[in-house]
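Participant: Sharing work00.csv (CSV, C-alpha atoms) below.
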chain,number,residue,atom,x,y,z
A,1,MET,CA,-68.8,5.8,-75.4
A,2,TYR,CA,-66.1,7.4,-73.3
A,3,PRO,CA,-65.7,11.1,-73.8
A,4,THR,CA,-62.6,12.4,-75.4
A,5,GLY,CA,-60.4,15.3,-74.4
A,6,SER,CA,-59.4,16.4,-71.0
A,7,HIS,CA,-62.2,14.4,-69.4
A,8,ALA,CA,-61.6,11.2,-71.4
A,9,PRO,CA,-60.1,8.2,-69.7
A,10,PRO,CA,-56.3,7.9,-70.2
A,11,GLU,CA,-56.8,5.1,-72.8
A,12,LYS,CA,-59.0,7.4,-74.9
A,13,GLY,CA,-56.3,10.2,-75.0
A,14,GLY,CA,-57.3,12.2,-72.0
A,15,HIS,CA,-56.1,12.3,-68.4
A,16,TYR,CA,-57.6,13.0,-65.1
A,17,PRO,CA,-56.1,15.7,-62.9
A,18,PRO,CA,-53.8,13.7,-60.6
A,19,PRO,CA,-54.6,13.8,-56.9
A,20,GLN,CA,-52.2,15.6,-54.6
A,21,GLY,CA,-48.9,13.7,-54.8
A,22,GLY,CA,-49.7,12.0,-58.1
A,23,TYR,CA,-51.1,8.6,-59.1
A,24,GLY,CA,-49.1,5.7,-57.9
A,25,GLY,CA,-50.2,3.5,-60.9
A,26,TYR,CA,-49.9,5.7,-63.9
A,27,PRO,CA,-46.7,6.8,-65.6
A,28,PRO,CA,-46.0,10.5,-65.2
A,29,PRO,CA,-46.9,12.8,-68.1
A,30,SER,CA,-44.5,13.0,-71.0
A,31,GLY,CA,-41.4,15.0,-70.1
A,32,GLY,CA,-42.4,15.4,-66.5
A,33,ALA,CA,-42.9,13.7,-63.2
A,34,TYR,CA,-45.4,13.8,-60.4
A,35,PRO,CA,-44.0,15.8,-57.6
A,36,PRO,CA,-42.9,13.3,-54.9
A,37,PRO,CA,-44.0,13.7,-51.3
A,38,PRO,CA,-41.7,15.8,-49.1
A,39,GLY,CA,-38.4,14.0,-48.9
A,40,GLY,CA,-38.9,12.0,-52.1
A,41,ALA,CA,-40.9,8.9,-52.9
A,42,PRO,CA,-39.8,5.3,-53.7
A,43,GLY,CA,-39.3,4.6,-57.4
A,44,TYR,CA,-38.9,8.2,-58.4
A,45,PRO,CA,-35.8,10.3,-58.9
A,46,GLY,CA,-34.8,11.4,-55.4
A,47,GLY,CA,-36.9,8.8,-53.8
A,48,TYR,CA,-36.6,8.1,-50.1
A,49,GLY,CA,-33.0,7.7,-49.1
A,50,PRO,CA,-30.7,8.4,-46.3
A,51,PRO,CA,-29.1,11.8,-46.1
A,52,PRO,CA,-25.6,12.2,-47.5
A,53,GLY,CA,-23.2,10.1,-45.4
A,54,GLY,CA,-26.0,7.9,-44.1
A,55,TYR,CA,-27.5,8.0,-40.6
A,56,GLY,CA,-24.9,8.3,-37.9
A,57,PRO,CA,-24.9,8.8,-34.2
A,58,PRO,CA,-25.4,12.3,-32.9
A,59,PRO,CA,-22.3,14.4,-32.3
A,60,GLY,CA,-20.4,12.9,-29.3
A,61,GLY,CA,-22.1,9.5,-29.7
A,62,TYR,CA,-24.8,8.0,-27.6
A,63,GLY,CA,-23.9,8.4,-24.0
A,64,GLY,CA,-25.3,6.8,-20.9
A,65,PRO,CA,-28.1,8.2,-18.9
A,66,SER,CA,-27.6,11.4,-17.0
A,67,SER,CA,-27.2,9.3,-13.8
A,68,GLY,CA,-23.7,8.5,-14.8
A,69,GLY,CA,-23.9,5.4,-16.9
A,70,TYR,CA,-25.8,2.1,-17.0
A,71,GLY,CA,-25.3,0.1,-13.8
A,72,PRO,CA,-26.1,-3.6,-13.3
A,73,PRO,CA,-29.7,-4.4,-12.4
A,74,PRO,CA,-30.6,-5.0,-8.8
A,75,GLY,CA,-29.1,-8.2,-7.7
A,76,GLY,CA,-26.5,-8.3,-10.5
A,77,TYR,CA,-26.7,-9.7,-14.0
A,78,GLY,CA,-28.2,-13.0,-14.8
A,79,GLY,CA,-31.8,-12.6,-13.9
A,80,HIS,CA,-31.5,-14.7,-10.7
A,81,PRO,CA,-31.1,-13.6,-7.1
A,82,GLY,CA,-27.5,-12.5,-6.5
A,83,GLY,CA,-26.6,-12.2,-10.2
A,84,TYR,CA,-23.4,-13.8,-11.4
A,85,GLY,CA,-20.8,-14.8,-8.8
A,86,PRO,CA,-17.0,-14.6,-9.2
A,87,PRO,CA,-15.5,-16.8,-12.0
A,88,PRO,CA,-14.7,-20.3,-10.9
A,89,GLY,CA,-11.4,-20.5,-9.0
A,90,THR,CA,-11.2,-16.8,-8.1
A,91,GLY,CA,-12.4,-17.3,-4.5
A,92,PRO,CA,-14.9,-15.2,-2.5
A,93,VAL,CA,-15.4,-11.5,-3.2
A,94,GLY,CA,-14.0,-9.3,-0.5
A,95,PRO,CA,-11.2,-9.7,2.1
A,96,PRO,CA,-10.5,-13.2,3.5
A,97,PRO,CA,-11.8,-14.2,6.9
A,98,GLY,CA,-10.1,-12.2,9.5
A,99,GLY,CA,-9.1,-9.5,7.1
A,100,TYR,CA,-5.7,-8.8,5.5
A,101,ALA,CA,-2.6,-9.1,7.6
A,102,PRO,CA,-0.5,-5.9,7.6
A,103,PRO,CA,2.8,-6.1,5.8
A,104,PRO,CA,5.9,-6.8,7.9
A,105,MET,CA,7.6,-3.8,9.4
A,106,GLY,CA,10.9,-3.7,7.7
A,107,ASN,CA,13.1,-6.4,9.0
A,108,MET,CA,11.4,-6.4,12.4
A,109,GLY,CA,8.0,-7.7,11.4
A,110,HIS,CA,8.2,-11.0,13.3
A,111,MET,CA,9.3,-12.5,16.6
A,112,GLY,CA,11.7,-15.0,15.0
A,113,PRO,CA,15.5,-14.5,14.9
A,114,ILE,CA,17.0,-12.0,12.4
A,115,TYR,CA,20.3,-13.3,10.9
A,116,ASN,CA,23.1,-11.2,9.6
A,117,PRO,CA,21.2,-7.9,9.2
A,118,PRO,CA,22.9,-5.1,7.2
A,119,MET,CA,24.4,-2.3,9.2
A,120,PRO,CA,23.3,0.1,10.5
A,121,PHE,CA,20.3,-1.7,11.7
A,122,ARG,CA,16.9,0.1,12.2
A,123,GLY,CA,13.6,-1.5,13.2
A,124,ARG,CA,10.9,-1.7,15.8
A,125,VAL,CA,10.9,-4.3,18.6
A,126,PRO,CA,7.9,-6.6,17.7
A,127,GLY,CA,5.4,-6.7,20.4
A,128,GLY,CA,6.9,-3.5,21.9
A,129,VAL,CA,9.4,-2.8,24.7
A,130,VAL,CA,7.2,-4.1,27.6
A,131,PRO,CA,8.4,-5.2,31.0
A,132,GLY,CA,9.6,-8.8,30.7
A,133,ARG,CA,10.8,-8.5,27.1
A,134,SER,CA,14.4,-9.5,26.4
A,135,ILE,CA,16.4,-8.4,23.3
A,136,ILE,CA,19.3,-10.7,22.6
A,137,ILE,CA,22.1,-9.6,20.2
A,138,LYS,CA,25.0,-11.7,19.0
A,139,GLY,CA,27.9,-10.1,17.1
A,140,MET,CA,31.5,-9.3,16.8
A,141,VAL,CA,33.4,-6.0,17.4
A,142,THR,CA,35.2,-5.0,14.2
A,143,ALA,CA,37.3,-2.0,15.4
A,144,ASP,CA,38.5,-0.4,18.5
A,145,ASP,CA,36.6,2.9,18.3
A,146,ARG,CA,32.9,2.2,19.4
A,147,PHE,CA,29.5,0.9,18.6
A,148,SER,CA,26.1,1.4,20.1
A,149,VAL,CA,22.8,-0.4,20.8
A,150,ASN,CA,19.9,2.1,21.3
A,151,LEU,CA,16.2,2.0,22.2
A,152,LYS,CA,14.7,5.1,20.7
A,153,CYS,CA,11.6,7.0,19.9
A,154,GLY,CA,12.2,9.5,17.2
A,155,ASP,CA,15.2,11.6,18.3
A,156,GLU,CA,15.0,10.5,21.9
A,157,TYR,CA,17.1,7.7,23.4
A,158,GLY,CA,15.5,5.8,26.3
A,159,LEU,CA,18.6,3.6,26.4
A,160,HIS,CA,22.0,4.3,24.8
A,161,PHE,CA,24.4,1.3,25.3
A,162,ASN,CA,27.8,2.4,24.0
A,163,PRO,CA,30.9,0.1,24.3
A,164,ARG,CA,34.2,2.0,23.6
A,165,PRO,CA,37.0,-0.6,23.2
A,166,SER,CA,39.7,2.1,22.9
A,167,GLN,CA,38.7,3.4,26.3
A,168,GLY,CA,38.1,0.0,27.9
A,169,CYS,CA,34.6,1.1,29.0
A,170,VAL,CA,30.9,0.9,28.3
A,171,VAL,CA,28.9,4.2,28.5
A,172,LEU,CA,25.2,4.2,29.2
A,173,ASN,CA,23.0,7.3,28.8
A,174,HIS,CA,19.7,8.8,27.7
A,175,ASN,CA,18.9,11.7,25.4
A,176,GLN,CA,15.9,14.0,25.5
A,177,ASN,CA,16.8,17.4,24.1
A,178,GLY,CA,20.4,16.6,25.0
A,179,TRP,CA,22.5,13.9,26.6
A,180,GLY,CA,22.2,13.2,30.3
A,181,PRO,CA,24.9,12.3,32.8
A,182,GLU,CA,27.0,9.3,31.6
A,183,GLU,CA,27.2,6.0,33.5
A,184,ARG,CA,30.5,4.1,32.9
A,185,HIS,CA,31.2,0.4,33.4
A,186,ASP,CA,33.9,-2.0,32.6
A,187,GLY,CA,34.1,-2.7,28.9
A,188,SER,CA,37.0,-5.3,28.7
A,189,MET,CA,34.6,-7.9,27.2
A,190,PHE,CA,34.3,-5.9,24.0
A,191,GLN,CA,37.5,-6.1,22.0
A,192,PRO,CA,38.2,-6.0,18.3
A,193,GLY,CA,37.7,-9.4,16.7
A,194,GLN,CA,35.9,-10.7,19.8
A,195,HIS,CA,32.4,-12.3,19.7
A,196,PHE,CA,29.8,-11.3,22.3
A,197,GLU,CA,26.3,-12.0,23.3
A,198,LEU,CA,24.3,-9.1,24.7
A,199,CYS,CA,21.0,-9.4,26.4
A,200,ILE,CA,18.9,-6.4,27.4
A,201,HIS,CA,16.1,-7.3,29.7
A,202,VAL,CA,13.3,-4.7,30.3
A,203,GLU,CA,11.8,-4.2,33.7
A,204,PRO,CA,9.1,-1.7,34.8
A,205,ASN,CA,11.7,0.9,35.8
A,206,GLN,CA,15.1,-0.3,34.7
A,207,TYR,CA,17.2,-2.2,32.0
A,208,LEU,CA,19.2,-5.2,33.0
A,209,VAL,CA,22.2,-5.9,30.8
A,210,PHE,CA,23.7,-9.4,30.6
A,211,ILE,CA,26.9,-10.0,28.7
A,212,ASN,CA,28.1,-13.4,27.4
A,213,GLN,CA,25.4,-15.3,29.3
A,214,GLN,CA,26.5,-14.3,32.8
A,215,PRO,CA,24.0,-15.4,35.4
A,216,ASN,CA,23.7,-12.0,37.0
A,217,PRO,CA,23.3,-8.7,35.2
A,218,ASN,CA,26.6,-7.0,34.4
A,219,ILE,CA,25.0,-3.6,34.2
A,220,THR,CA,21.8,-2.1,35.7
A,221,PHE,CA,20.6,1.1,34.2
A,222,ALA,CA,17.6,2.9,35.8
A,223,ALA,CA,15.1,4.2,33.4
A,224,ARG,CA,15.1,7.9,33.1
A,225,LEU,CA,12.4,8.4,30.5
A,226,TYR,CA,8.8,7.2,30.8
A,227,PRO,CA,6.7,5.5,29.7
A,228,ILE,CA,9.4,2.9,29.1
A,229,GLU,CA,7.2,1.2,26.4
A,230,LYS,CA,7.5,4.3,24.2
A,231,TYR,CA,11.1,3.5,23.3
A,232,ASP,CA,10.5,0.6,21.0
A,233,GLU,CA,12.8,1.4,18.0
A,234,LEU,CA,16.0,-0.7,18.0
A,235,HIS,CA,19.0,1.0,16.4
A,236,ILE,CA,22.5,-0.6,16.1
A,237,ASP,CA,25.4,1.1,14.5
A,238,GLY,CA,29.1,1.6,14.6
A,239,SER,CA,32.1,-0.8,14.5
A,240,VAL,CA,30.2,-4.0,14.9
A,241,GLN,CA,29.0,-7.0,12.8
A,242,ILE,CA,25.7,-8.5,14.0
A,243,SER,CA,25.0,-12.2,13.3
A,244,GLU,CA,21.7,-12.6,15.1
A,245,ILE,CA,18.9,-10.6,16.8
A,246,LYS,CA,16.1,-12.4,18.6
A,247,PHE,CA,13.4,-11.5,21.1
A,248,ALA,CA,12.1,-13.3,24.2
Can you turn what I pasted into structure tokens?

Facilitator:
Amino acid sequence: MYPTGSHAPPEKGGHYPPPQGGYGGYPPPSGGAYPPPPGGAPGYPGGYGPPPGGYGPPPGGYGGPSSGGYGPPPGGYGGHPGGYGPPPGTGPVGPPPGGYAPPPMGNMGHMGPIYNPPMPFRGRVPGGVVPGRSIIIKGMVTADDRFSVNLKCGDEYGLHFNPRPSQGCVVLNHNQNGWGPEERHDGSMFQPGQHFELCIHVEPNQYLVFINQQPNPNITFAARLYPIEKYDELHIDGSVQISEIKFA
């Protein structure tokens, strides 16, 4: 016969002192509850549950490693040597064979003719002003004051070719910290409304000027500034309309 009282089994009206944390299989004593383990226990008021608001990321979120972020694995993604290549149709990665060509230099980025350029005209002579180079200019005089064709470097003029219809002459000069002595030649071939073809041919120490396809140079101008190749900027301005510029 089971004892009664505090040492009797529960079904005989007694109870055993519960182990620490309570029995999992017996109901709690009337009016009370077994103390749950720290943080609560399943099935009891309080139980185990998330903190108010649930579990969220730490303040600021989860960042990458201290090295600055997650990089691709060695060899790229995909688990095979070389990783993934570029998507189909995108071509190879990197510059094309031979590299990228530089952009054209204004309206002087090629050796072909330039037609009807806006005035005033500014640009570099493609390939440079080297001995043997010819600059051919076709145009029309639009007024009787003046126009000029210049080979420059910055503010310096290696060649200043300056027809002055009102004076009936062509003036040639150079400018390096000031104008030099003028050379004057006949300018009757440059009249308002008159078309012309001008060819400046570069030699190692002089400029030969052919006008309207004459077989011999109309004007010879000895170079005053060297190296002659330095003056590779072509400037045209004044009372003139240009229909074509080409290089030979």

Participant: Calculate how many Å separate CA of Ile114 (chain A) from CA of His174 (chain A), rounding to one decimal.

Facilitator: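 Atom-to-atom, CA of Ile114 (chain A) to CA of His174 (chain A), that is 26.0 Å.
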
Participant: When you draw a straight line from CA of Asp186 (chain A) to CA of Leu225 (chain A), how long is it in Å?

Facilitator: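 Separation between CA of Asp186 (chain A) and CA of Leu225 (chain A): 24.0 Å.
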
Participant: For the point (30.9, -3.5, 14.6) in the file's frame, write as an MDAnalysis selection string all residues with an atom no more than 12 Å away, counting all atoms listed in the file.

Facilitator: chainID A and resid 117:121 138:149 162:165 190:196 236:243

Participant: Which residue is closest to Thr220 (chain A)? Choose from A:Met189, A:Leu234, A:Val171, A:Cys153 and count all atoms listed in the file.

Facilitator: A:Val171

Participant: Please determine the residues with any atom at most 12 Å from (7.3, -3.1, 31.3) (coordinates as given in the file, with only C-alpha atoms counting) and report them as a CSV table (one decimal) with C-alpha atoms, keeping the file's coordinate frame.

Facilitator:
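What landed in out.csv:
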chain,number,residue,atom,x,y,z
A,127,GLY,CA,5.4,-6.7,20.4
A,128,GLY,CA,6.9,-3.5,21.9
A,129,VAL,CA,9.4,-2.8,24.7
A,130,VAL,CA,7.2,-4.1,27.6
A,131,PRO,CA,8.4,-5.2,31.0
A,132,GLY,CA,9.6,-8.8,30.7
A,133,ARG,CA,10.8,-8.5,27.1
A,134,SER,CA,14.4,-9.5,26.4
A,201,HIS,CA,16.1,-7.3,29.7
A,202,VAL,CA,13.3,-4.7,30.3
A,203,GLU,CA,11.8,-4.2,33.7
A,204,PRO,CA,9.1,-1.7,34.8
A,205,ASN,CA,11.7,0.9,35.8
A,206,GLN,CA,15.1,-0.3,34.7
A,207,TYR,CA,17.2,-2.2,32.0
A,223,ALA,CA,15.1,4.2,33.4
A,226,TYR,CA,8.8,7.2,30.8
A,227,PRO,CA,6.7,5.5,29.7
A,228,ILE,CA,9.4,2.9,29.1
A,229,GLU,CA,7.2,1.2,26.4
A,230,LYS,CA,7.5,4.3,24.2
A,231,TYR,CA,11.1,3.5,23.3
A,232,ASP,CA,10.5,0.6,21.0

Participant: Find the residue from A:Leu198, A:Trp179, A:Glu233, A:Ala248 that sits nearest to Pro217 (chain A); use all atoms listed in the file when measuring.

Facilitator: A:Leu198

Participant: Can you tell me how far CA of Lys246 (chain A) sits from CA of Pro113 (chain A), in Å to one decimal?

Facilitator: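 Interatomic distance here is 4.3 Å.
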
Participant: Neighbouring residues of Tyr157 (chain A) were defined as those with any atom within 7 Å, considering only C-alpha atoms; residues of the same chain fewer than 5 positions away were excluded. Please report them as number ranges by chain.

Facilitator: A: 150-152, 174-176

Participant: Which one of A:His235, A:Ile245, A:Gly168, A:Phe221 sits closest to Arg124 (chain A) if you count only C-alpha atoms?

Facilitator: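 Checking each candidate against Arg124 (chain A), we get A:His235 as the closest.
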